[in-house]
Amino acid sequence: MPDLLTPEARDAALPALGETGWGAVEGRDAIRKVWKFRSFVDAWGFMCSAALVAEKLNHHPEWSNVYNVVDVTLSTHDCGGLSELDLKLAQRMDKLAGATEVQRDLAQPIECLCQIHARQAKS
Ligand code: H2B
């Protein structure tokens, strides 16, 4: 069974992942990153490649896809938090995604919803 990352291992690895856009999931020992690809086909291609890496590592992401956006959360269920496997999979995913746009601010201002509805009402 994989071990939870020690505080030292966290200090060593997590800042670099944070630089690339990985964030902490509130209330869980897990990391999350959201990529915005140029198209659905690019997003799906990334997921296909990442799925093969995940299967090889026997370490599977919690993820979802809507059109060109792929939302990934990594955590090790067997130990109830982050392990080396999450770092490895995060790094492999970063390599596969290359220079793809990353959504860093996951919280949208609530006004967005008003604007979308106003636009739809006009058309
Ligand atoms: N994926 C993730 N993210 N966490 C796990 O603990 C995990 C996994 N465990 N994939 C693996 C499979 C486990 O269920 C098998 C039995 O090794």
# chains A, B, ... in the order shown; residues from 1 in each chain; ligands from 1

$ select_by_dssp --residues "chain A" --states "alpha helix (DSSP H)" --output "PyMOL selection string"
chain A and resi 7-19+40-57+84-97+111-122

$ residues_around --residues "A:Glu19" --least-positions-apart "4" --cutoff "12 Å" --atoms "only C-alpha atoms" --output "PDB file with N, CA, C and O atoms, in the first residue's frame"
ATOM      1  N   ALA A  13       7.973  18.654  -3.267  1.00  0.00           N
ATOM      2  CA  ALA A  13       7.323  18.435  -4.573  1.00  0.00           C
ATOM      3  C   ALA A  13       6.152  19.362  -4.873  1.00  0.00           C
ATOM      4  O   ALA A  13       5.918  19.715  -6.033  1.00  0.00           O
ATOM      5  N   LEU A  14       5.403  19.747  -3.865  1.00  0.00           N
ATOM      6  CA  LEU A  14       4.138  20.435  -4.156  1.00  0.00           C
ATOM      7  C   LEU A  14       4.295  21.855  -4.716  1.00  0.00           C
ATOM      8  O   LEU A  14       3.530  22.241  -5.611  1.00  0.00           O
ATOM      9  N   PRO A  15       5.272  22.642  -4.260  1.00  0.00           N
ATOM     10  CA  PRO A  15       5.384  23.985  -4.838  1.00  0.00           C
ATOM     11  C   PRO A  15       5.559  23.969  -6.356  1.00  0.00           C
ATOM     12  O   PRO A  15       4.939  24.778  -7.064  1.00  0.00           O
ATOM     13  N   GLY A  23      -3.797  22.766  -7.734  1.00  0.00           N
ATOM     14  CA  GLY A  23      -4.239  23.426  -6.517  1.00  0.00           C
ATOM     15  C   GLY A  23      -4.672  22.403  -5.481  1.00  0.00           C
ATOM     16  O   GLY A  23      -4.742  21.200  -5.763  1.00  0.00           O
ATOM     17  N   LYS A  33      -6.464  20.017 -10.959  1.00  0.00           N
ATOM     18  CA  LYS A  33      -6.049  20.893 -12.052  1.00  0.00           C
ATOM     19  C   LYS A  33      -7.096  20.819 -13.157  1.00  0.00           C
ATOM     20  O   LYS A  33      -7.648  19.743 -13.425  1.00  0.00           O
ATOM     21  N   GLN A  91       2.817  14.694 -12.686  1.00  0.00           N
ATOM     22  CA  GLN A  91       3.935  15.084 -13.554  1.00  0.00           C
ATOM     23  C   GLN A  91       3.772  14.518 -14.958  1.00  0.00           C
ATOM     24  O   GLN A  91       4.033  15.197 -15.961  1.00  0.00           O
ATOM     25  N   ASP A  94       1.116  16.558 -16.726  1.00  0.00           N
ATOM     26  CA  ASP A  94       1.643  17.866 -17.131  1.00  0.00           C
ATOM     27  C   ASP A  94       2.427  17.736 -18.434  1.00  0.00           C
ATOM     28  O   ASP A  94       2.323  18.569 -19.331  1.00  0.00           O
ATOM     29  N   VAL A 102      -4.370  26.515 -18.730  1.00  0.00           N
ATOM     30  CA  VAL A 102      -4.808  25.996 -17.436  1.00  0.00           C
ATOM     31  C   VAL A 102      -5.741  27.013 -16.800  1.00  0.00           C
ATOM     32  O   VAL A 102      -5.456  28.208 -16.796  1.00  0.00           O
ATOM     33  N   ARG A 104      -6.828  28.640 -13.755  1.00  0.00           N
ATOM     34  CA  ARG A 104      -6.261  28.740 -12.411  1.00  0.00           C
ATOM     35  C   ARG A 104      -7.265  29.231 -11.385  1.00  0.00           C
ATOM     36  O   ARG A 104      -7.238  28.832 -10.235  1.00  0.00           O
TER      37      ARG A 104
END

$ closest_atom_pairs --of "chain A" --to "ligand 1" --cutoff "9 Å" --atoms "only C-alpha atoms and all ligand atoms" --output "tab-separated table"
residue	atom	partner	partner_atom_place_in_ligand_line	distance
A:Met1	CA	ligand 1	6 (O)	8.2
A:Pro2	CA	ligand 1	6 (O)	7.9
A:Ala54	CA	ligand 1	10 (N)	8.1
A:Glu55	CA	ligand 1	10 (N)	8.0
A:Leu57	CA	ligand 1	10 (N)	8.3
A:Asn58	CA	ligand 1	10 (N)	5.1
A:His59	CA	ligand 1	1 (N)	3.8
A:His60	CA	ligand 1	1 (N)	3.8
A:Pro61	CA	ligand 1	3 (N)	5.2
A:Glu62	CA	ligand 1	3 (N)	7.0
A:Thr73	CA	ligand 1	3 (N)	8.7
A:Leu74	CA	ligand 1	3 (N)	6.0
A:Ser75	CA	ligand 1	3 (N)	5.2
A:Thr76	CA	ligand 1	4 (N)	3.6
A:His77	CA	ligand 1	6 (O)	3.5
A:Asp78	CA	ligand 1	6 (O)	3.7
A:Cys79	CA	ligand 1	6 (O)	6.6
A:Gly80	CA	ligand 1	6 (O)	7.6
A:Gly81	CA	ligand 1	6 (O)	8.7
A:Leu85	CA	ligand 1	3 (N)	8.1
A:Asp86	CA	ligand 1	3 (N)	7.3

$ select_by_dssp --residues "stretch 19-72 of chain A" --states "strand (DSSP E or B)" --output "CSV table (one decimal) with C-alpha atoms, in the first residue's frame"
chain,number,residue,atom,x,y,z
A,23,GLY,CA,-4.2,23.4,-6.5
A,24,ALA,CA,-5.4,22.0,-3.2
A,31,ILE,CA,-4.8,18.1,-5.8
A,32,ARG,CA,-6.8,19.4,-8.7
A,33,LYS,CA,-6.0,20.9,-12.1
A,34,VAL,CA,-8.3,22.0,-14.9
A,35,TRP,CA,-7.1,22.2,-18.4
A,36,LYS,CA,-8.8,23.9,-21.3
A,62,GLU,CA,-11.0,11.2,-10.6
A,63,TRP,CA,-11.8,13.3,-13.7
A,64,SER,CA,-14.4,14.7,-15.8
A,65,ASN,CA,-14.7,16.2,-19.3
A,66,VAL,CA,-17.0,18.8,-20.7
A,69,VAL,CA,-12.2,21.1,-20.5
A,70,VAL,CA,-10.7,18.3,-18.5
A,71,ASP,CA,-11.0,18.5,-14.7
A,72,VAL,CA,-8.7,16.2,-12.7

$ atom_distance --atom1 "atom CA of A:Ala43" --atom2 "atom CA of A:Thr100"
9.7 Å

$ closest_residue --among "A:Leu82, A:Gln103, A:Asp42, A:Asn68" --to "A:Arg10" --atoms "only C-alpha atoms"
A:Leu82

$ residues_around --residues "A:Glu84" --least-positions-apart "4" --cutoff "8 Å" --atoms "only C-alpha atoms" --output "PyMOL selection string"
chain A and resi 2-5+88

$ atom_distance --atom1 "atom CA of A:Gly98" --atom2 "atom CA of A:Val25"
22.7 Å

$ closest_residue --among "A:Leu96, A:Leu106, A:Ala121, A:Leu17" --to "A:Gly45" --atoms "only C-alpha atoms"
A:Leu96
